[in-house]
file final.txt (compact mmCIF, C-alpha atoms)
# COMPACT_ATOMS: atom_id res chain seq x y z
CA MET A 1 -22.40 -2.09 4.37
CA SER A 2 -19.82 -1.80 1.57
CA LEU A 3 -16.07 -1.36 1.65
CA VAL A 4 -15.19 2.14 0.48
CA ALA A 5 -11.88 3.83 -0.36
CA ILE A 6 -11.87 7.59 -0.82
CA GLY A 7 -8.66 9.49 -1.40
CA ILE A 8 -6.49 12.14 -2.94
CA ASN A 9 -2.93 11.66 -4.21
CA HIS A 10 -0.01 13.05 -6.21
CA ARG A 11 -1.84 12.41 -9.49
CA THR A 12 -5.07 14.17 -8.57
CA ALA A 13 -4.02 17.15 -6.44
CA THR A 14 -1.30 19.74 -5.89
CA VAL A 15 1.07 19.62 -2.92
CA ASP A 16 -0.81 22.56 -1.42
CA LEU A 17 -4.14 20.71 -1.36
CA ARG A 18 -2.53 17.43 -0.23
CA GLU A 19 -1.08 19.27 2.75
CA LYS A 20 -4.55 20.58 3.67
CA VAL A 21 -6.15 17.12 3.74
CA ALA A 22 -3.26 15.38 5.52
CA PHE A 23 -3.59 14.08 9.09
CA SER A 24 -0.80 14.70 11.60
CA PRO A 25 0.34 11.97 14.05
CA ASP A 26 -1.18 14.05 16.86
CA THR A 27 -4.68 14.00 15.35
CA ILE A 28 -4.83 10.67 13.51
CA HIS A 29 -6.26 8.62 16.40
CA ASP A 30 -9.12 11.02 17.13
CA ALA A 31 -9.76 11.42 13.40
CA MET A 32 -10.19 7.67 12.87
CA LYS A 33 -12.53 7.41 15.86
CA SER A 34 -14.59 10.29 14.48
CA LEU A 35 -14.73 8.76 10.99
CA ALA A 36 -15.66 5.31 12.33
CA GLY A 37 -18.50 6.89 14.29
CA GLU A 38 -19.69 8.88 11.29
CA THR A 39 -19.96 5.78 9.06
CA GLY A 40 -21.82 3.81 11.72
CA SER A 41 -19.74 0.66 11.21
CA GLY A 42 -17.10 1.43 13.83
CA GLU A 43 -14.39 0.61 11.28
CA ALA A 44 -12.01 3.12 9.69
CA VAL A 45 -8.36 3.28 8.63
CA ILE A 46 -6.68 6.49 7.41
CA VAL A 47 -3.49 6.31 5.33
CA SER A 48 -1.83 9.74 5.28
CA THR A 49 1.57 10.36 3.64
CA CYS A 50 3.17 13.24 1.76
CA ASN A 51 1.85 11.83 -1.52
CA ARG A 52 -1.64 10.65 -0.50
CA THR A 53 -4.45 10.73 2.02
CA GLU A 54 -6.88 7.80 1.82
CA LEU A 55 -9.86 6.81 3.96
CA TYR A 56 -10.91 3.15 4.16
CA CYS A 57 -14.17 2.26 5.87
CA ASN A 58 -17.37 0.22 5.88
CA THR A 59 -20.38 2.32 5.02
CA GLU A 60 -23.65 2.41 3.13
CA ASP A 61 -23.12 6.06 2.16
CA ALA A 62 -19.77 7.01 0.62
CA GLN A 63 -20.84 10.66 0.42
CA LYS A 64 -20.85 10.75 4.22
CA VAL A 65 -17.13 10.05 4.15
CA VAL A 66 -16.50 12.88 1.68
CA SER A 67 -18.56 15.27 3.78
CA TRP A 68 -16.73 14.18 6.92
CA LEU A 69 -13.32 14.83 5.30
CA GLU A 70 -14.35 18.31 4.13
CA HIS A 71 -15.86 19.20 7.50
CA TYR A 72 -12.91 17.82 9.48
CA HIS A 73 -10.41 19.96 7.58
CA GLN A 74 -12.86 22.84 7.08
CA LEU A 75 -12.42 22.77 3.29
CA ASN A 76 -14.72 23.96 0.53
CA HIS A 77 -16.50 21.13 -1.32
CA ASP A 78 -15.81 22.66 -4.75
CA ASP A 79 -12.07 22.76 -3.99
CA VAL A 80 -11.79 19.16 -2.78
CA ALA A 81 -14.39 17.13 -4.68
CA PRO A 82 -12.79 17.36 -8.17
CA CYS A 83 -9.53 15.94 -6.77
CA LEU A 84 -11.05 12.96 -4.93
CA TYR A 85 -11.27 9.40 -6.23
CA GLN A 86 -13.70 6.82 -4.90
CA HIS A 87 -13.71 3.00 -5.06
CA GLU A 88 -16.25 0.56 -3.65
CA GLY A 89 -16.39 -3.20 -3.12
CA GLN A 90 -13.75 -5.18 -5.00
CA LYS A 91 -12.32 -2.01 -6.60
CA ALA A 92 -11.67 -0.58 -3.12
CA VAL A 93 -9.97 -3.82 -2.06
CA GLN A 94 -7.81 -3.95 -5.19
CA HIS A 95 -6.89 -0.26 -4.82
CA LEU A 96 -5.54 -0.86 -1.30
CA MET A 97 -3.58 -3.88 -2.52
CA ARG A 98 -2.15 -1.85 -5.41
CA VAL A 99 -1.15 0.97 -3.05
CA ALA A 100 0.60 -1.37 -0.59
CA SER A 101 2.41 -3.12 -3.45
CA GLY A 102 3.82 0.15 -4.81
CA LEU A 103 1.74 0.03 -8.02
CA ASP A 104 0.13 3.41 -7.35
CA SER A 105 3.27 5.21 -6.16
CA LEU A 106 5.08 8.17 -7.65
CA VAL A 107 8.05 5.83 -8.16
CA LEU A 108 6.66 2.52 -9.44
CA GLY A 109 7.38 -0.33 -7.04
CA GLU A 110 8.87 1.77 -4.22
CA PRO A 111 8.82 -0.22 -0.96
CA GLN A 112 8.33 2.58 1.60
CA ILE A 113 4.55 2.76 1.10
CA LEU A 114 4.03 -0.75 2.52
CA GLY A 115 5.58 0.33 5.81
CA GLN A 116 3.39 3.44 5.83
CA VAL A 117 0.22 1.36 5.26
CA LYS A 118 1.26 -1.03 8.04
CA GLN A 119 1.80 1.92 10.36
CA ALA A 120 -1.64 3.34 9.51
CA PHE A 121 -3.25 -0.04 10.26
CA SER A 122 -1.39 -0.28 13.56
CA LYS A 123 -2.64 3.18 14.58
CA ALA A 124 -6.19 2.20 13.65
CA LYS A 125 -5.97 -0.88 15.87
CA GLU A 126 -4.70 1.33 18.72
CA SER A 127 -7.68 3.62 18.12
CA GLY A 128 -10.13 0.71 18.26
CA THR A 129 -11.42 1.32 14.73
CA VAL A 130 -10.55 -2.12 13.33
CA ALA A 131 -12.99 -5.03 13.50
CA ALA A 132 -13.12 -8.37 11.66
CA THR A 133 -13.60 -7.02 8.13
CA MET A 134 -10.85 -4.38 8.21
CA ASP A 135 -8.49 -6.72 10.04
CA ARG A 136 -8.92 -9.40 7.39
CA LEU A 137 -8.64 -6.82 4.58
CA PHE A 138 -5.34 -5.35 5.76
CA GLN A 139 -3.79 -8.68 6.74
CA ASN A 140 -4.62 -10.00 3.26
CA THR A 141 -3.21 -6.82 1.73
CA PHE A 142 0.13 -7.28 3.50
CA SER A 143 0.29 -10.87 2.24
CA VAL A 144 -0.44 -9.69 -1.31
CA ALA A 145 2.29 -7.03 -1.14
CA LYS A 146 4.75 -9.70 0.00
CA LYS A 147 3.59 -11.99 -2.81
CA VAL A 148 4.14 -9.20 -5.35
CA ARG A 149 7.67 -8.61 -4.01
CA THR A 150 8.64 -12.30 -4.07
CA GLU A 151 6.93 -13.38 -7.30
CA THR A 152 7.72 -10.37 -9.51
CA GLU A 153 10.78 -8.21 -10.19
CA ILE A 154 9.01 -4.98 -9.34
CA GLY A 155 11.41 -3.98 -6.56
CA SER A 156 14.66 -5.48 -7.78
CA ALA A 157 15.74 -2.83 -10.29
CA ALA A 158 17.13 0.60 -9.36
CA VAL A 159 14.88 3.42 -10.53
CA SER A 160 16.61 6.38 -8.91
CA VAL A 161 20.03 7.72 -9.78
CA ALA A 162 21.06 7.41 -6.12
CA PHE A 163 20.05 3.75 -5.96
CA ALA A 164 21.62 3.06 -9.36
CA ALA A 165 24.93 4.41 -8.04
CA VAL A 166 24.84 1.92 -5.17
CA VAL A 167 23.86 -0.94 -7.50
CA MET A 168 26.84 -0.03 -9.67
CA ALA A 169 29.09 -0.20 -6.60
CA LYS A 170 27.72 -3.64 -5.69
CA GLN A 171 28.55 -4.94 -9.17
CA ILE A 172 32.22 -3.94 -8.77
CA PHE A 173 32.65 -4.67 -5.04
CA SER A 174 30.76 -7.83 -4.15
CA ALA A 175 30.82 -7.04 -0.42
CA LEU A 176 30.15 -3.36 0.29
CA SER A 177 30.56 -3.91 4.03
CA ASN A 178 34.34 -4.02 3.57
CA THR A 179 34.56 -0.84 1.45
CA LYS A 180 35.39 2.72 2.46
CA VAL A 181 33.21 5.39 0.83
CA LEU A 182 33.81 9.09 0.23
CA LEU A 183 30.66 11.13 -0.47
CA VAL A 184 31.15 14.61 -1.91
CA GLY A 185 28.24 16.95 -1.20
CA ALA A 186 25.53 16.88 1.47
CA GLY A 187 22.33 17.49 -0.47
CA GLU A 188 19.25 15.29 -0.84
CA THR A 189 20.79 13.02 -3.48
CA ILE A 190 23.92 12.28 -1.42
CA GLU A 191 21.75 11.74 1.67
CA LEU A 192 19.72 9.17 -0.26
CA VAL A 193 22.93 7.52 -1.49
CA ALA A 194 24.17 7.34 2.11
CA ARG A 195 20.92 5.70 3.19
CA HIS A 196 21.18 3.05 0.45
CA LEU A 197 24.84 2.42 1.34
CA LYS A 198 24.01 1.97 5.01
CA GLU A 199 21.22 -0.48 4.10
CA ASN A 200 23.82 -2.44 2.13
CA GLY A 201 26.16 -2.73 5.09
CA VAL A 202 28.70 0.05 4.47
CA ALA A 203 30.19 0.98 7.84
CA THR A 204 32.87 3.51 6.89
CA MET A 205 31.65 6.72 5.21
CA VAL A 206 33.23 10.16 4.93
CA VAL A 207 31.14 13.15 3.82
CA ALA A 208 32.93 16.14 2.26
CA ASN A 209 31.04 19.40 1.87
CA ARG A 210 31.74 23.07 1.37
CA THR A 211 29.80 23.84 4.56
CA LEU A 212 31.11 21.60 7.33
CA SER A 213 28.07 22.06 9.58
CA ARG A 214 25.76 20.68 6.90
CA ALA A 215 27.99 17.62 6.50
CA GLU A 216 28.11 17.13 10.27
CA ALA A 217 24.31 17.24 10.52
CA MET A 218 24.03 14.48 7.89
CA CYS A 219 26.82 12.40 9.44
CA GLU A 220 24.95 12.08 12.74
CA GLU A 221 22.36 9.80 11.12
CA PHE A 222 24.90 7.58 9.35
CA ASN A 223 27.72 7.55 11.91
CA ALA A 224 30.01 9.04 9.26
CA THR A 225 32.95 11.47 9.36
CA ALA A 226 32.48 15.05 8.14
CA ILE A 227 35.26 16.92 6.33
CA THR A 228 35.64 20.04 4.17
CA LEU A 229 36.26 19.97 0.41
CA GLU A 230 39.83 21.11 1.08
CA GLN A 231 40.47 17.88 3.03
CA ILE A 232 39.51 15.60 0.11
CA PRO A 233 43.14 14.97 -1.06
CA GLU A 234 43.93 13.65 2.43
CA TYR A 235 41.02 11.19 2.50
CA LEU A 236 40.80 10.25 -1.20
CA PRO A 237 43.55 7.55 -1.13
CA LYS A 238 41.57 5.64 1.52
CA ALA A 239 38.37 5.60 -0.55
CA ASP A 240 37.34 2.52 -2.52
CA ILE A 241 34.20 4.29 -3.74
CA VAL A 242 33.70 8.01 -4.44
CA ILE A 243 30.21 9.35 -5.16
CA SER A 244 29.83 13.05 -5.84
CA SER A 245 26.85 15.35 -6.22
CA THR A 246 27.35 19.08 -5.61
CA ALA A 247 26.23 22.30 -7.25
CA SER A 248 29.80 23.39 -7.99
CA PRO A 249 30.23 25.08 -11.40
CA LEU A 250 33.76 23.63 -11.69
CA PRO A 251 35.13 20.09 -11.17
CA ILE A 252 36.14 19.28 -7.58
CA LEU A 253 38.17 16.14 -8.33
CA GLY A 254 40.75 16.58 -11.09
CA LYS A 255 42.76 13.96 -12.95
CA GLY A 256 45.93 14.85 -11.06
CA MET A 257 44.31 14.49 -7.61
CA VAL A 258 42.87 11.09 -8.47
CA GLU A 259 46.10 9.90 -10.12
CA LYS A 260 48.07 10.78 -6.98
CA ALA A 261 45.55 8.96 -4.80
CA LEU A 262 45.77 5.83 -6.96
CA LYS A 263 49.53 5.76 -6.58
CA GLN A 264 49.16 5.93 -2.80
CA ARG A 265 46.64 3.09 -3.04
CA ARG A 266 49.23 1.06 -4.96
CA HIS A 267 46.78 0.93 -7.84
CA GLN A 268 43.97 -0.79 -5.98
CA PRO A 269 40.82 -0.05 -8.05
CA MET A 270 38.67 2.97 -7.26
CA LEU A 271 35.06 3.47 -8.36
CA LEU A 272 34.04 7.07 -8.99
CA VAL A 273 30.40 7.97 -9.64
CA ASP A 274 29.66 11.55 -10.73
CA ILE A 275 25.96 12.37 -10.30
CA ALA A 276 26.46 16.13 -10.60
CA VAL A 277 25.51 18.41 -13.51
CA PRO A 278 27.82 20.12 -14.34
CA ARG A 279 30.41 17.47 -13.55
CA ASP A 280 32.24 17.25 -10.22
CA ILE A 281 34.91 14.89 -11.59
CA GLU A 282 37.03 15.69 -14.63
CA ALA A 283 36.21 13.43 -17.60
CA GLU A 284 39.93 12.66 -18.07
CA VAL A 285 39.85 10.61 -14.85
CA ALA A 286 38.33 7.81 -16.95
CA ASP A 287 41.67 7.53 -18.80
CA LEU A 288 43.49 6.44 -15.64
CA ASP A 289 44.22 2.78 -15.02
CA ASP A 290 42.34 1.36 -12.02
CA ALA A 291 39.86 4.30 -12.01
CA TYR A 292 36.30 3.41 -13.03
CA LEU A 293 34.35 6.57 -13.71
CA TYR A 294 30.58 6.64 -14.33
CA THR A 295 28.53 9.77 -14.98
CA VAL A 296 24.90 10.67 -14.45
CA ASP A 297 24.21 9.76 -18.10
CA ASP A 298 25.49 6.22 -17.52
CA LEU A 299 23.25 5.87 -14.48
CA GLN A 300 20.24 7.40 -16.24
CA SER A 301 20.51 4.73 -18.91
CA ILE A 302 20.40 2.06 -16.20
CA VAL A 303 17.39 3.76 -14.60
CA GLU A 304 15.47 3.85 -17.90
CA GLN A 305 16.14 0.17 -18.57
CA ASN A 306 15.07 -0.70 -15.04
CA MET A 307 11.87 1.35 -15.28
CA ALA A 308 10.94 -0.70 -18.36
CA SER A 309 11.68 -3.86 -16.35
CA ARG A 310 9.48 -2.63 -13.49
CA ARG A 311 6.61 -1.86 -15.86
CA GLU A 312 6.72 -5.46 -17.08
CA ALA A 313 6.73 -6.69 -13.49
CA ALA A 314 3.83 -4.35 -12.70
CA GLU A 315 1.66 -6.17 -15.26
CA GLN A 316 2.20 -9.41 -13.34
CA ALA A 317 1.55 -7.61 -10.06
CA GLU A 318 -1.74 -6.19 -11.36
CA LEU A 319 -2.97 -9.72 -12.08
CA ILE A 320 -2.04 -10.78 -8.53
CA THR A 321 -3.96 -7.88 -6.94
CA GLU A 322 -6.98 -8.53 -9.17
CA GLU A 323 -7.08 -12.23 -8.26
CA GLN A 324 -6.53 -11.64 -4.55
CA SER A 325 -9.13 -8.86 -4.34
CA PHE A 326 -11.65 -11.20 -5.99
CA GLN A 327 -10.86 -13.90 -3.40
CA PHE A 328 -11.33 -11.40 -0.59
CA MET A 329 -14.75 -10.44 -1.94
CA GLU A 330 -15.66 -14.13 -2.08
CA TRP A 331 -14.86 -14.28 1.64
CA ILE A 332 -17.11 -11.24 2.22
CA ARG A 333 -19.91 -12.90 0.25
CA SER A 334 -19.47 -16.11 2.26
CA LEU A 335 -19.98 -14.10 5.46
CA GLN A 336 -23.16 -12.63 4.00
CA SER A 337 -24.44 -16.10 3.04
CA VAL A 338 -23.67 -17.42 6.53
CA ASP A 339 -25.60 -14.52 8.04
CA SER A 340 -28.54 -15.18 5.69
CA ILE A 341 -28.59 -18.89 6.48
CA ARG A 342 -28.41 -18.21 10.20
CA GLU A 343 -31.22 -15.65 9.93
CA TYR A 344 -33.38 -18.01 7.85
CA ARG A 345 -32.89 -20.89 10.29
CA THR A 346 -33.68 -18.63 13.27
CA HIS A 347 -36.88 -17.45 11.57
CA ALA A 348 -37.98 -21.02 10.78
CA ASN A 349 -37.25 -22.19 14.33
CA GLU A 350 -39.25 -19.30 15.78
CA ILE A 351 -42.26 -20.35 13.68
CA LYS A 352 -41.80 -24.00 14.74
CA ASP A 353 -41.50 -23.11 18.44
CA GLU A 354 -44.59 -20.87 18.33
CA LEU A 355 -46.80 -23.50 16.65
CA LEU A 356 -45.40 -26.35 18.73
CA GLU A 357 -46.14 -24.46 21.93
CA ARG A 358 -49.72 -23.90 20.75
CA ALA A 359 -50.11 -27.62 19.85
CA VAL A 360 -48.73 -28.80 23.21
CA HIS A 361 -51.11 -26.44 25.00
CA LYS A 362 -54.10 -27.91 23.11
CA LEU A 363 -53.00 -31.44 23.94
CA THR A 364 -52.72 -30.61 27.64
CA GLN A 365 -56.26 -29.19 27.46
CA GLY A 366 -57.51 -32.56 26.22
CA GLY A 367 -57.62 -31.86 22.50
CA ASP A 368 -57.77 -34.72 20.00
CA ALA A 369 -54.13 -35.71 19.25
CA GLU A 370 -54.66 -36.52 15.57
CA GLU A 371 -56.51 -33.25 14.96
CA VAL A 372 -53.85 -31.23 16.84
CA LEU A 373 -51.04 -32.85 14.82
CA ARG A 374 -52.86 -32.27 11.52
CA GLU A 375 -53.41 -28.60 12.44
CA LEU A 376 -49.73 -28.26 13.45
CA ALA A 377 -48.56 -29.73 10.14
CA ASN A 378 -50.89 -27.51 8.08
CA ARG A 379 -50.01 -24.32 9.96
CA LEU A 380 -46.26 -25.04 9.84
CA THR A 381 -46.39 -25.75 6.10
CA ASN A 382 -48.41 -22.61 5.36
CA LYS A 383 -46.09 -20.42 7.46
CA LEU A 384 -42.94 -21.79 5.85
CA ILE A 385 -44.15 -21.59 2.24
CA HIS A 386 -45.75 -18.14 2.61
CA ALA A 387 -42.66 -16.03 1.69
CA PRO A 388 -41.45 -18.32 -1.17
CA THR A 389 -45.00 -18.43 -2.59
CA GLN A 390 -45.17 -14.62 -2.63
CA ALA A 391 -41.75 -14.41 -4.33
CA LEU A 392 -42.81 -16.93 -7.00
CA THR A 393 -46.04 -15.02 -7.60
CA VAL A 394 -44.26 -11.67 -8.01
CA ALA A 395 -41.62 -13.16 -10.37
CA SER A 396 -44.34 -14.80 -12.49
CA ARG A 397 -46.46 -11.64 -12.73
CA GLN A 398 -43.45 -9.52 -13.70
CA GLY A 399 -42.18 -12.05 -16.21
CA ASP A 400 -38.83 -12.20 -14.41
CA PHE A 401 -37.80 -15.64 -15.68
CA ASN A 402 -34.28 -15.35 -14.27
CA ALA A 403 -35.59 -14.79 -10.73
CA LEU A 404 -38.26 -17.46 -11.26
CA GLY A 405 -35.62 -19.99 -12.33
CA GLN A 406 -33.42 -19.20 -9.32
CA LEU A 407 -36.38 -19.56 -6.96
CA ARG A 408 -37.42 -22.92 -8.46
CA THR A 409 -33.84 -24.20 -8.11
CA ALA A 410 -33.56 -22.93 -4.53
CA LEU A 411 -36.89 -24.56 -3.60
CA GLY A 412 -35.87 -27.87 -5.16
CA LEU A 413 -38.51 -27.75 -7.89
CA ASP A 414 -35.96 -27.96 -10.72
CA LYS A 415 -33.49 -30.51 -9.46
CA ASP A 416 -31.60 -30.69 -12.73

call {"tool": "encode", "arguments": {"input": "final.txt", "output": "structure tokens"}}
result
Amino acid sequence: MSLVAIGINHRTATVDLREKVAFSPDTIHDAMKSLAGETGSGEAVIVSTCNRTELYCNTEDAQKVVSWLEHYHQLNHDDVAPCLYQHEGQKAVQHLMRVASGLDSLVLGEPQILGQVKQAFSKAKESGTVAATMDRLFQNTFSVAKKVRTETEIGSAAVSVAFAAVVMAKQIFSALSNTKVLLVGAGETIELVARHLKENGVATMVVANRTLSRAEAMCEEFNATAITLEQIPEYLPKADIVISSTASPLPILGKGMVEKALKQRRHQPMLLVDIAVPRDIEAEVADLDDAYLYTVDDLQSIVEQNMASRREAAEQAELITEEQSFQFMEWIRSLQSVDSIREYRTHANEIKDELLERAVHKLTQGGDAEEVLRELANRLTNKLIHAPTQALTVASRQGDFNALGQLRTALGLDKD
């Protein structure tokens, strides 16, 4: 049996094809049981996200896994095969470790994938498709991902504009939990900003949007207050942080509105982050005392610097996954050696027991003790040296000096 990883991801296939090979939560348990049965090892884990579908299993025939995937989703081989990648042995182990560490993600170093891999492993355990090898593999993988996070800077730098906006806020307000935030817009970017803010302890958020119902839907998740754009002047003086991202063709926050709000705040500082293109906040706001305005260009510069920092960290992380995957394979090889030793000892003991039983029988029948012992010794020696003698003969005839040398060392003939 060999560890095999077969998959398809955002680099190898279109969204359309990725959707076709994905596994829904309703089918994942039955799918893993089916795959484990197909490989014959009883072990299988399926990782299925919007960006990848990967099958991990123990099998002697990787093509069986490919055929199973195509048959399960009723897909044409010529459509799927060119988009698949396949890793075996240590490469399969290292691939899983790279995936869990965020080294193979669309956004380098993103942390969400580790949780998704853990969830896939948990479902596999529920399905009964995890035995000793897979359990050890995934537990080691989770340790490696943690090691990558703690020993490198791969996850410390913001690489999305939304995250960069929150990092900027943290630099100005040391404790975000005490700040009040006004978010303008209710699209994907603002939703991501809200999620990052919540993770950083912000408790008071107001979401302003042209369509109130859309803002209300988003506010349910974050326990925020929804208002219309027309209500912004009322809420702006209370905001320590304003982050805006709408599709408005004209600015929503003008210099006069912000200036008035600052007066009501008695000139307590206000951070304004404009992620929109075209701008939501008039550029002249930057001229106001106590107003700190940053645009999407400012944030993009931070993102580019941080991506370079993550790429450096990724080089360190690659070395960690390579070393740890090698150690895992050493553990696999140690299991194989233990099995071989156990099998060899069992075989030798069976020979001993068979010949000893025959010798005891002859002694009970009145046979000469010295003759019986001599026959036992000769037969036992011949039986035990038969296989090594054949191996030495074959290696000598074929001129395989490497094999011959290994055999002589193993048999104690070349003690040096």

call {"tool": "residues_around", "arguments": {"input": "final.txt", "residues": "segment 55-67 of chain A", "least_positions_apart": "2", "cutoff": "9 Å", "atoms": "all atoms listed in the file", "output": "PyMOL selection string"}}
result
chain A and resi 1-7+32+35-36+38-48+53+69-72+77+81+84+86+88+92+96+133-134

call {"tool": "closest_residue", "arguments": {"input": "final.txt", "among": "A:Val360, A:Met270, A:Val167, A:Ala124", "to": "Leu182 of chain A", "atoms": "all atoms listed in the file"}}
result
A:Met270

call {"tool": "closest_residue", "arguments": {"input": "final.txt", "among": "A:Ala391, A:Ala13, A:Val303, A:Val130", "to": "Phe163 of chain A", "atoms": "all atoms listed in the file"}}
result
A:Val303

call {"tool": "closest_residue", "arguments": {"input": "final.txt", "among": "A:Asp280, A:Gly399, A:Asp79, A:Lys33", "to": "Val21 of chain A", "atoms": "all atoms listed in the file"}}
result
A:Asp79

call {"tool": "closest_residue", "arguments": {"input": "final.txt", "among": "A:Leu299, A:Met257, A:Ile281, A:Leu108", "to": "Gly155 of chain A", "atoms": "only C-alpha atoms"}}
result
A:Leu108

call {"tool": "atom_distance", "arguments": {"input": "final.txt", "atom1": "atom CA of Thr381 of chain A", "atom2": "atom CA of Ser396 of chain A"}}
result
21.7 Å

call {"tool": "atom_distance", "arguments": {"input": "final.txt", "atom1": "atom CA of Arg374 of chain A", "atom2": "atom CA of Thr346 of chain A"}}
result
23.6 Å

call {"tool": "atom_distance", "arguments": {"input": "final.txt", "atom1": "atom CA of Gly185 of chain A", "atom2": "atom CA of Thr246 of chain A"}}
result
5.0 Å

call {"tool": "residues_near_point", "arguments": {"input": "final.txt", "point": "(45.1, 10.7, -3.9)", "cutoff": "9 Å", "atoms": "all atoms listed in the file", "output": "PyMOL selection string"}}
result
chain A and resi 232-238+256-265

call {"tool": "residues_near_point", "arguments": {"input": "final.txt", "point": "(2.5, 2.0, -7.5)", "cutoff": "12 Å", "atoms": "all atoms listed in the file", "output": "PDB file with C-alpha atoms, keeping the file's coordinate frame"}}
result
ATOM      1  CA  ASN A   9      -2.930  11.660  -4.210  1.00  0.00           C
ATOM      2  CA  HIS A  10      -0.010  13.050  -6.210  1.00  0.00           C
ATOM      3  CA  ARG A  11      -1.840  12.410  -9.490  1.00  0.00           C
ATOM      4  CA  ASN A  51       1.850  11.830  -1.520  1.00  0.00           C
ATOM      5  CA  ARG A  52      -1.640  10.650  -0.500  1.00  0.00           C
ATOM      6  CA  HIS A  95      -6.890  -0.260  -4.820  1.00  0.00           C
ATOM      7  CA  LEU A  96      -5.540  -0.860  -1.300  1.00  0.00           C
ATOM      8  CA  MET A  97      -3.580  -3.880  -2.520  1.00  0.00           C
ATOM      9  CA  ARG A  98      -2.150  -1.850  -5.410  1.00  0.00           C
ATOM     10  CA  VAL A  99      -1.150   0.970  -3.050  1.00  0.00           C
ATOM     11  CA  ALA A 100       0.600  -1.370  -0.590  1.00  0.00           C
ATOM     12  CA  SER A 101       2.410  -3.120  -3.450  1.00  0.00           C
ATOM     13  CA  GLY A 102       3.820   0.150  -4.810  1.00  0.00           C
ATOM     14  CA  LEU A 103       1.740   0.030  -8.020  1.00  0.00           C
ATOM     15  CA  ASP A 104       0.130   3.410  -7.350  1.00  0.00           C
ATOM     16  CA  SER A 105       3.270   5.210  -6.160  1.00  0.00           C
ATOM     17  CA  LEU A 106       5.080   8.170  -7.650  1.00  0.00           C
ATOM     18  CA  VAL A 107       8.050   5.830  -8.160  1.00  0.00           C
ATOM     19  CA  LEU A 108       6.660   2.520  -9.440  1.00  0.00           C
ATOM     20  CA  GLY A 109       7.380  -0.330  -7.040  1.00  0.00           C
ATOM     21  CA  GLU A 110       8.870   1.770  -4.220  1.00  0.00           C
ATOM     22  CA  PRO A 111       8.820  -0.220  -0.960  1.00  0.00           C
ATOM     23  CA  GLN A 112       8.330   2.580   1.600  1.00  0.00           C
ATOM     24  CA  ILE A 113       4.550   2.760   1.100  1.00  0.00           C
ATOM     25  CA  LEU A 114       4.030  -0.750   2.520  1.00  0.00           C
ATOM     26  CA  ALA A 145       2.290  -7.030  -1.140  1.00  0.00           C
ATOM     27  CA  VAL A 148       4.140  -9.200  -5.350  1.00  0.00           C
ATOM     28  CA  ILE A 154       9.010  -4.980  -9.340  1.00  0.00           C
ATOM     29  CA  GLY A 155      11.410  -3.980  -6.560  1.00  0.00           C
ATOM     30  CA  ARG A 310       9.480  -2.630 -13.490  1.00  0.00           C
ATOM     31  CA  ARG A 311       6.610  -1.860 -15.860  1.00  0.00           C
ATOM     32  CA  ALA A 313       6.730  -6.690 -13.490  1.00  0.00           C
ATOM     33  CA  ALA A 314       3.830  -4.350 -12.700  1.00  0.00           C
ATOM     34  CA  GLU A 315       1.660  -6.170 -15.260  1.00  0.00           C
ATOM     35  CA  ALA A 317       1.550  -7.610 -10.060  1.00  0.00           C
ATOM     36  CA  GLU A 318      -1.740  -6.190 -11.360  1.00  0.00           C
ATOM     37  CA  THR A 321      -3.960  -7.880  -6.940  1.00  0.00           C
TER      38      THR A 321
END

call {"tool": "closest_residue", "arguments": {"input": "final.txt", "among": "A:Thr150, A:Ser325, A:Ser301, A:Ser244", "to": "Gly89 of chain A", "atoms": "all atoms listed in the file"}}
result
A:Ser325

call {"tool": "closest_residue", "arguments": {"input": "final.txt", "among": "A:Arg397, A:Ile241, A:Leu376, A:His267", "to": "His361 of chain A", "atoms": "only C-alpha atoms"}}
result
A:Leu376

call {"tool": "residues_around", "arguments": {"input": "final.txt", "residues": "Glu199 of chain A", "least_positions_apart": "2", "cutoff": "12 Å", "atoms": "all atoms listed in the file", "output": "VMD selection string"}}
result
chain A and resid 163 166 to 167 176 to 177 192 to 197 201 to 203 222

call {"tool": "write_last_selection", "arguments": {"input": "final.txt", "atoms": "C-alpha atoms", "output": "JSON list (two decimals), keeping the file's coordinate frame"}}
result
[["chain", "number", "residue", "atom", "x", "y", "z"],
["A", 163, "PHE", "CA", 20.05, 3.75, -5.96],
["A", 166, "VAL", "CA", 24.84, 1.92, -5.17],
["A", 167, "VAL", "CA", 23.86, -0.94, -7.50],
["A", 176, "LEU", "CA", 30.15, -3.36, 0.29],
["A", 177, "SER", "CA", 30.56, -3.91, 4.03],
["A", 192, "LEU", "CA", 19.72, 9.17, -0.26],
["A", 193, "VAL", "CA", 22.93, 7.52, -1.49],
["A", 194, "ALA", "CA", 24.17, 7.34, 2.11],
["A", 195, "ARG", "CA", 20.92, 5.70, 3.19],
["A", 196, "HIS", "CA", 21.18, 3.05, 0.45],
["A", 197, "LEU", "CA", 24.84, 2.42, 1.34],
["A", 201, "GLY", "CA", 26.16, -2.73, 5.09],
["A", 202, "VAL", "CA", 28.70, 0.05, 4.47],
["A", 203, "ALA", "CA", 30.19, 0.98, 7.84],
["A", 222, "PHE", "CA", 24.90, 7.58, 9.35]]

call {"tool": "residues_around", "arguments": {"input": "final.txt", "residues": "Leu271 of chain A", "least_positions_apart": "2", "cutoff": "8 Å", "atoms": "all atoms listed in the file", "output": "MDAnalysis selection string"}}
result
chainID A and resid 169 172 240:242 269 273 291:293
